[in-house]
Structure formats: structure tokens, C-alpha cells
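Student: Structure file final-v2.cif (mmCIF, C-alpha atoms and all ligand atoms) right here:
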data_data
loop_
_atom_site.group_PDB
_atom_site.id
_atom_site.type_symbol
_atom_site.label_atom_id
_atom_site.label_comp_id
_atom_site.auth_asym_id
_atom_site.auth_seq_id
_atom_site.Cartn_x
_atom_site.Cartn_y
_atom_site.Cartn_z
ATOM 1 C CA MET A 899 49.449 99.494 86.026
ATOM 2 C CA ALA A 900 52.793 98.426 84.485
ATOM 3 C CA SER A 901 54.063 100.119 81.359
ATOM 4 C CA ASP A 902 54.845 98.225 78.148
ATOM 5 C CA ASP A 903 58.585 98.428 78.861
ATOM 6 C CA GLU A 904 58.067 96.991 82.341
ATOM 7 C CA LEU A 905 55.967 94.164 80.960
ATOM 8 C CA LYS A 906 58.635 93.305 78.360
ATOM 9 C CA THR A 907 61.438 93.123 80.886
ATOM 10 C CA GLY A 908 59.323 91.570 83.657
ATOM 11 C CA GLU A 909 60.271 94.294 86.110
ATOM 12 C CA ASN A 910 58.133 96.769 87.931
ATOM 13 C CA ALA A 911 58.774 100.242 89.162
ATOM 14 C CA GLU A 912 59.640 99.153 92.734
ATOM 15 C CA SER A 913 62.539 96.936 91.738
ATOM 16 C CA LYS A 914 64.114 99.800 89.820
ATOM 17 C CA THR A 915 64.116 102.077 92.839
ATOM 18 C CA PRO A 916 67.699 102.284 94.057
ATOM 19 C CA LEU A 917 68.321 101.454 97.691
ATOM 20 C CA ASN A 918 69.186 104.655 99.431
ATOM 21 C CA ARG A 919 71.876 104.898 102.074
ATOM 22 C CA ARG A 920 69.458 104.948 105.032
ATOM 23 C CA ASP A 921 67.563 101.848 103.832
ATOM 24 C CA PHE A 922 70.835 100.038 103.222
ATOM 25 C CA PHE A 923 72.031 100.633 106.782
ATOM 26 C CA ASN A 924 68.602 99.738 108.136
ATOM 27 C CA GLU A 925 68.792 96.389 106.291
ATOM 28 C CA ILE A 926 72.284 95.743 107.680
ATOM 29 C CA ALA A 927 71.193 96.635 111.220
ATOM 30 C CA GLY A 928 68.127 94.384 110.915
ATOM 31 C CA CYS A 929 70.258 91.449 109.793
ATOM 32 C CA ALA A 930 72.775 92.038 112.587
ATOM 33 C CA LEU A 931 69.986 92.150 115.190
ATOM 34 C CA ALA A 932 68.449 88.956 113.820
ATOM 35 C CA ILE A 933 71.801 87.122 113.977
ATOM 36 C CA ALA A 934 72.448 88.407 117.512
ATOM 37 C CA GLY A 935 68.936 87.326 118.567
ATOM 38 C CA ILE A 936 69.422 83.813 117.194
ATOM 39 C CA GLY A 937 72.789 83.541 118.933
ATOM 40 C CA ALA A 938 71.318 84.718 122.236
ATOM 41 C CA ALA A 939 68.456 82.222 121.905
ATOM 42 C CA VAL A 940 70.869 79.327 121.275
ATOM 43 C CA VAL A 941 73.022 80.278 124.261
ATOM 44 C CA THR A 942 69.931 80.630 126.475
ATOM 45 C CA VAL A 943 68.625 77.193 125.497
ATOM 46 C CA GLU A 944 72.036 75.589 126.100
ATOM 47 C CA TYR A 945 72.383 77.348 129.450
ATOM 48 C CA SER A 946 68.940 76.335 130.666
ATOM 49 C CA SER A 947 69.333 72.656 129.715
ATOM 50 C CA PRO A 948 70.836 70.536 132.518
ATOM 51 C CA ASN A 949 74.545 69.863 132.242
ATOM 52 C CA VAL A 950 74.278 66.250 133.406
ATOM 53 C CA LEU A 951 76.134 63.165 132.322
ATOM 54 C CA PHE A 952 73.625 60.382 131.751
ATOM 55 C CA GLU A 953 75.056 56.973 132.556
ATOM 56 C CA PRO A 954 73.273 53.670 132.511
ATOM 57 C CA PRO A 955 72.292 52.319 135.934
ATOM 58 C CA THR A 956 74.887 50.085 137.538
ATOM 59 C CA THR A 957 72.302 47.708 138.987
ATOM 60 C CA PHE A 958 70.249 45.643 136.605
ATOM 61 C CA ARG A 959 67.846 42.716 136.636
ATOM 62 C CA ALA A 960 69.163 39.711 134.767
ATOM 63 C CA GLY A 961 66.039 37.589 134.569
ATOM 64 C CA SER A 962 65.494 34.317 136.366
ATOM 65 C CA SER A 963 68.170 31.795 137.284
ATOM 66 C CA ASP A 964 66.194 29.325 135.160
ATOM 67 C CA ASP A 965 67.259 31.381 132.127
ATOM 68 C CA TYR A 966 70.822 30.161 132.670
ATOM 69 C CA PRO A 967 71.319 26.430 132.236
ATOM 70 C CA VAL A 968 73.910 24.603 134.300
ATOM 71 C CA ASP A 969 77.354 24.725 132.661
ATOM 72 C CA SER A 970 76.631 27.866 130.637
ATOM 73 C CA VAL A 971 78.259 31.234 130.059
ATOM 74 C CA THR A 972 75.829 33.912 128.903
ATOM 75 C CA TYR A 973 76.924 37.328 127.684
ATOM 76 C CA ILE A 974 74.586 40.210 128.475
ATOM 77 C CA GLN A 975 75.595 42.658 125.795
ATOM 78 C CA ASP A 976 74.004 45.872 127.029
ATOM 79 C CA GLN A 977 75.649 45.435 130.443
ATOM 80 C CA GLN A 978 78.936 43.904 129.250
ATOM 81 C CA VAL A 979 78.563 41.189 131.865
ATOM 82 C CA TYR A 980 78.761 37.401 131.796
ATOM 83 C CA ILE A 981 76.398 35.284 133.839
ATOM 84 C CA VAL A 982 78.121 31.987 134.486
ATOM 85 C CA ARG A 983 76.307 29.004 135.939
ATOM 86 C CA THR A 984 77.821 25.760 137.072
ATOM 87 C CA GLU A 985 76.545 22.950 139.272
ATOM 88 C CA LYS A 986 77.900 24.955 142.260
ATOM 89 C CA GLY A 987 75.799 28.018 141.520
ATOM 90 C CA LEU A 988 75.866 31.228 139.568
ATOM 91 C CA TRP A 989 77.979 34.384 139.363
ATOM 92 C CA ALA A 990 78.164 37.594 137.393
ATOM 93 C CA MET A 991 81.454 38.718 135.945
ATOM 94 C CA SER A 992 82.697 41.683 133.912
ATOM 95 C CA ALA A 993 83.314 41.133 130.212
ATOM 96 C CA VAL A 994 85.749 44.057 130.069
ATOM 97 C CA CYS A 995 89.344 42.939 129.651
ATOM 98 C CA THR A 996 91.590 43.995 132.511
ATOM 99 C CA HIS A 997 94.409 44.834 130.108
ATOM 100 C CA LEU A 998 93.148 47.853 128.153
ATOM 101 C CA GLY A 999 89.390 47.519 128.382
ATOM 102 C CA CYS A 1000 88.373 45.661 125.239
ATOM 103 C CA ILE A 1001 85.230 43.576 125.379
ATOM 104 C CA THR A 1002 86.046 39.891 125.672
ATOM 105 C CA GLN A 1003 84.208 37.058 123.945
ATOM 106 C CA TRP A 1004 83.126 33.685 125.250
ATOM 107 C CA LYS A 1005 84.594 30.890 123.105
ATOM 108 C CA PRO A 1006 82.708 27.677 123.943
ATOM 109 C CA GLU A 1007 84.837 25.609 121.559
ATOM 110 C CA SER A 1008 87.932 26.284 123.665
ATOM 111 C CA ASN A 1009 86.062 26.782 126.965
ATOM 112 C CA GLN A 1010 87.732 30.190 127.341
ATOM 113 C CA ILE A 1011 86.935 33.855 127.395
ATOM 114 C CA ALA A 1012 89.225 35.525 124.877
ATOM 115 C CA CYS A 1013 90.126 39.141 124.280
ATOM 116 C CA PRO A 1014 90.266 40.051 120.578
ATOM 117 C CA CYS A 1015 92.637 42.988 121.104
ATOM 118 C CA HIS A 1016 95.899 41.538 122.426
ATOM 119 C CA GLY A 1017 95.104 37.887 122.957
ATOM 120 C CA SER A 1018 94.457 37.595 126.680
ATOM 121 C CA LYS A 1019 92.588 34.491 127.700
ATOM 122 C CA PHE A 1020 90.495 33.903 130.803
ATOM 123 C CA ARG A 1021 88.925 30.849 132.355
ATOM 124 C CA ARG A 1022 85.188 30.876 132.939
ATOM 125 C CA ASP A 1023 85.848 31.821 136.546
ATOM 126 C CA GLY A 1024 87.604 34.945 135.262
ATOM 127 C CA ASN A 1025 91.166 33.951 136.120
ATOM 128 C CA VAL A 1026 93.849 34.811 133.593
ATOM 129 C CA GLN A 1027 95.096 31.899 131.500
ATOM 130 C CA ALA A 1028 97.251 33.968 129.172
ATOM 131 C CA GLY A 1029 98.359 37.600 129.287
ATOM 132 C CA PRO A 1030 98.892 40.435 128.860
ATOM 133 C CA ALA A 1031 95.842 40.956 131.106
ATOM 134 C CA PRO A 1032 97.238 41.672 134.576
ATOM 135 C CA ARG A 1033 94.187 40.702 136.657
ATOM 136 C CA PRO A 1034 91.220 38.335 136.559
ATOM 137 C CA LEU A 1035 87.837 39.545 135.337
ATOM 138 C CA PRO A 1036 86.079 41.047 138.362
ATOM 139 C CA HIS A 1037 83.000 39.364 139.790
ATOM 140 C CA PHE A 1038 79.958 41.471 140.640
ATOM 141 C CA SER A 1039 77.464 41.109 143.430
ATOM 142 C CA VAL A 1040 74.445 39.089 142.371
ATOM 143 C CA ARG A 1041 71.424 38.383 144.554
ATOM 144 C CA LEU A 1042 67.884 37.145 144.258
ATOM 145 C CA ALA A 1043 65.131 39.760 144.491
ATOM 146 C CA ALA A 1044 61.855 39.017 146.276
ATOM 147 C CA ASP A 1045 60.237 38.097 142.976
ATOM 148 C CA GLY A 1046 63.011 35.609 142.178
ATOM 149 C CA ALA A 1047 64.814 37.776 139.647
ATOM 150 C CA LEU A 1048 68.584 37.996 139.628
ATOM 151 C CA VAL A 1049 69.874 41.467 140.484
ATOM 152 C CA VAL A 1050 73.451 42.322 139.541
ATOM 153 C CA ASP A 1051 75.255 45.317 141.018
ATOM 154 C CA LYS A 1052 78.245 46.329 138.903
ATOM 155 C CA LEU A 1053 79.443 48.784 141.542
ATOM 156 C CA GLU A 1054 79.954 46.049 144.106
ATOM 157 C CA THR A 1055 82.740 43.627 143.286
ATOM 158 C CA VAL A 1056 82.951 40.401 145.239
ATOM 159 C CA LYS A 1057 85.443 37.580 145.656
ATOM 160 C CA GLU A 1058 85.257 34.872 143.036
ATOM 161 C CA THR A 1059 84.385 32.420 145.765
ATOM 162 C CA GLU A 1060 81.068 34.204 146.396
ATOM 163 C CA ILE A 1061 78.697 32.120 144.334
ATOM 164 C CA LEU A 1062 74.946 32.426 144.423
ATOM 165 C CA LYS A 1063 73.447 29.041 145.175
ATOM 166 C CA VAL A 1064 70.400 28.544 143.000
HETATM 167 S S1 LIG B 1 92.707 44.726 125.949
HETATM 168 FE FE1 LIG B 1 92.463 42.633 126.225
HETATM 169 S S2 LIG B 1 94.407 41.836 125.900
HETATM 170 FE FE2 LIG B 1 94.666 43.943 125.619
#
Using the file provided, produce a representation of the structure as C-alpha cells.
Ligand code: FES
Tutor:
Amino acid sequence: MASDDELKTGENAESKTPLNRRDFFNEIAGCALAIAGIGAAVVTVEYSSPNVLFEPPTTFRAGSSDDYPVDSVTYIQDQQVYIVRTEKGLWAMSAVCTHLGCITQWKPESNQIACPCHGSKFRRDGNVQAGPAPRPLPHFSVRLAADGALVVDKLETVKETEILKV
């Protein structure tokens, strides 16, 4: 039962008990052990998780050739690739500028692929029209899968003359 003084101040007998030296060091040791335990747990979790670099697959399905009308340039944003179709056929081409790696943009009004960074311009076949880009946009292998889907392999570059007849 609390005394009248304790009730007035809102304190009880336990809170008035001074912390003795042994309890103080026990509290410190407990805190230090808890911190060390948390640190060890974090390091263990990091160590046991795989140290792998996840990269998107380099081969992707680009839909059907019917998705690309004749005389079109289509940008596939998540792959940074253009699918270009003409009356001769179809090809896949990188959208990454060969100067310093900016992502180019198809400009239908000027019939060019333009780089917003330093002004390089490319024809729809990837050849450089205006520098500073030193090389054409590379073409990637594109083939038809058994189900008729286009499959582009960004690891396999091909000559610009290799056009998929569709
Ligand atoms: S990165 Fe394209 S022109 Fe410089």
C-alpha cells in the first residue's frame, strides 16, 4: 500500500531505491550484450544471403511481327531496343548511344533517331548521320520462335544487312 506522500508525488517505493553499483554494471553489460547480439544477427543474415548481381535476361520475346507495321520504328523501353520494320523485313537495334551511352529517341518528324545528350543523330538503320557518336547503333540477333514470336538476343550482335524476312 502506498503512503500519502507517495500518492501525492505519484512515486512508489521502488522508484526511490537507488541503483546500486552491481545493478548498474549488470544493466550496462545487458545492453552491451544486446547490441552485440543484434550486430551478430545482422552480419549473419548478410553473410547467408547470396552475393549475386541480378541482371535482366539478355534474350527477350518481342511479340509477333504483326505488332510492327511496315515502315515503323518501335521503342521497347524495358529492353532499350528498337524494332524497325520496313518492306524488306525487320531488325532489332540498340537504343543506347554509342557515344557515352545515353538512351536515344526516335523522332518520326525528322525520320531520325536522336541522342538528347550531345546531339548525335542516327538513321533508322542505325548508321550515324551526325556525331559525336563514333559508331552505328548495333543490331541484335532476332529470330522467329516456333510459336511465331520474335526473340531478340542482345548478346549476339549481327551485321546490319541481316534482316529477318517476315
Ligand atoms: S551520349 Fe549520345 S551523343 Fe553523347
Student: For a quick check of understanding, using all atoms listed in the file, which of A:Ala960, A:Ile1001, A:Val943, A:Leu931 has the smallest distance to Val982 (chain A)?
Tutor: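 Once distances to Val982 (chain A) are computed over all atoms listed in the file, the minimum belongs to A:Ala960.
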Student: How would you write, as a list in words, the set of residues no farther than 10 Å from ligand LIG 1 (chain B) when counting only C-alpha atoms and all ligand atoms?
Tutor: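 These are the residues that qualify: Val994, Cys995, Thr996, His997, Leu998, Gly999, Cys1000, Ile1001, Thr1002, Ala1012, Cys1013, Pro1014, Cys1015, His1016, Gly1017, Ser1018, Lys1019, Ala1028, Gly1029, Pro1030, Ala1031 and Pro1032 of chain A.
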Student: Near Ala993 (chain A), within 8 Å and counting only C-alpha atoms, which residues show up once chain neighbours fewer than 3 positions away are dropped, as an NGL selection string?
Tutor: :A and (973 or 978-980 or 1001-1003 or 1035)
Student: Taking the point (65.2, 41.1, 139.9) as given in the file, collect each protein or nucleic acid residue that comes within 8 Å of it, counting only C-alpha atoms, and present the set as a list in words.
Tutor: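 Those residues lying close to the given coordinates are Phe958, Arg959, Ala960, Gly961, Ser962, Leu1042, Ala1043, Ala1044, Asp1045, Gly1046, Ala1047, Leu1048 and Val1049 of chain A.
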Student: Can you translate the PyMOL selection byres (((chain A and resi 1022) around 10) and not hetatm) into the concrete residues it hits in this file, as a ChimeraX atom specification?
Tutor: /A:969-971,980-984,991,1004-1006,1009-1011,1019-1021,1023-1026,1035
Student: Please enumerate the residues selected by the PyMOL selection byres (((chain A and resi 1064) around 9) and not hetatm) when evaluated against the supplied file, formatted as a list in words.
Tutor: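 That expression, the PyMOL selection byres (((chain A and resi 1064) around 9) and not hetatm), corresponds here to Ser963, Asp964, Lys986, Gly987, Leu988, Leu1062 and Lys1063 of chain A.
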Student: Please reconstruct the missing atoms of region 989-1000 of chain A (target: all heavy atoms) and return them as a compact mmCIF listing (two decimals), in the coordinates of the input.
Tutor:
# COMPACT_ATOMS: atom_id res chain seq x y z
N TRP A 989 77.32 33.11 139.06
CA TRP A 989 77.98 34.38 139.36
C TRP A 989 77.92 35.30 138.15
O TRP A 989 77.69 34.85 137.03
CB TRP A 989 79.42 34.19 139.84
CG TRP A 989 80.37 33.57 138.86
CD1 TRP A 989 81.14 34.24 137.94
CD2 TRP A 989 80.69 32.20 138.71
NE1 TRP A 989 81.90 33.35 137.23
CE2 TRP A 989 81.65 32.09 137.69
CE3 TRP A 989 80.27 31.02 139.35
CZ2 TRP A 989 82.19 30.87 137.28
CZ3 TRP A 989 80.80 29.82 138.93
CH2 TRP A 989 81.74 29.75 137.92
N ALA A 990 78.13 36.58 138.45
CA ALA A 990 78.16 37.59 137.39
C ALA A 990 79.58 38.13 137.33
O ALA A 990 80.23 38.33 138.36
CB ALA A 990 77.19 38.72 137.71
N MET A 991 80.05 38.36 136.13
CA MET A 991 81.45 38.72 135.94
C MET A 991 81.59 39.73 134.81
O MET A 991 80.88 39.64 133.80
CB MET A 991 82.18 37.42 135.60
CG MET A 991 83.64 37.48 135.52
SD MET A 991 84.27 35.77 135.37
CE MET A 991 83.77 35.32 133.73
N SER A 992 82.49 40.67 134.94
CA SER A 992 82.70 41.68 133.91
C SER A 992 83.23 41.04 132.63
O SER A 992 84.02 40.11 132.68
CB SER A 992 83.72 42.72 134.40
OG SER A 992 84.06 43.59 133.35
N ALA A 993 82.80 41.59 131.50
CA ALA A 993 83.31 41.13 130.21
C ALA A 993 84.39 42.08 129.69
O ALA A 993 84.86 41.92 128.57
CB ALA A 993 82.18 41.02 129.20
N VAL A 994 84.77 43.06 130.50
CA VAL A 994 85.75 44.06 130.07
C VAL A 994 87.15 43.56 130.44
O VAL A 994 87.45 43.31 131.61
CB VAL A 994 85.46 45.42 130.73
CG1 VAL A 994 86.49 46.46 130.29
CG2 VAL A 994 84.05 45.89 130.38
N CYS A 995 87.99 43.45 129.44
CA CYS A 995 89.34 42.94 129.65
C CYS A 995 90.11 43.85 130.62
O CYS A 995 90.04 45.08 130.53
CB CYS A 995 90.07 42.86 128.31
SG CYS A 995 91.75 42.21 128.43
N THR A 996 90.85 43.22 131.52
CA THR A 996 91.59 44.00 132.51
C THR A 996 92.92 44.52 131.96
O THR A 996 93.66 45.18 132.69
CB THR A 996 91.86 43.14 133.76
OG1 THR A 996 92.52 41.93 133.35
CG2 THR A 996 90.58 42.82 134.49
N HIS A 997 93.21 44.26 130.70
CA HIS A 997 94.41 44.83 130.11
C HIS A 997 94.13 46.28 129.71
O HIS A 997 94.50 47.20 130.42
CB HIS A 997 94.88 43.98 128.91
CG HIS A 997 96.11 44.52 128.25
ND1 HIS A 997 96.25 44.57 126.89
CD2 HIS A 997 97.24 45.06 128.77
CE1 HIS A 997 97.43 45.10 126.59
NE2 HIS A 997 98.05 45.39 127.73
N LEU A 998 93.42 46.48 128.60
CA LEU A 998 93.15 47.85 128.15
C LEU A 998 91.66 48.10 127.90
O LEU A 998 91.30 49.08 127.27
CB LEU A 998 93.95 48.18 126.89
CG LEU A 998 95.47 48.26 127.08
CD1 LEU A 998 96.17 48.51 125.76
CD2 LEU A 998 95.84 49.34 128.10
N GLY A 999 90.82 47.23 128.40
CA GLY A 999 89.39 47.52 128.38
C GLY A 999 88.62 47.07 127.16
O GLY A 999 87.48 47.50 126.98
N CYS A 1000 89.16 46.20 126.35
CA CYS A 1000 88.37 45.66 125.24
C CYS A 1000 87.30 44.72 125.78
O CYS A 1000 87.42 44.21 126.89
CB CYS A 1000 89.27 44.90 124.26
SG CYS A 1000 90.36 45.96 123.31
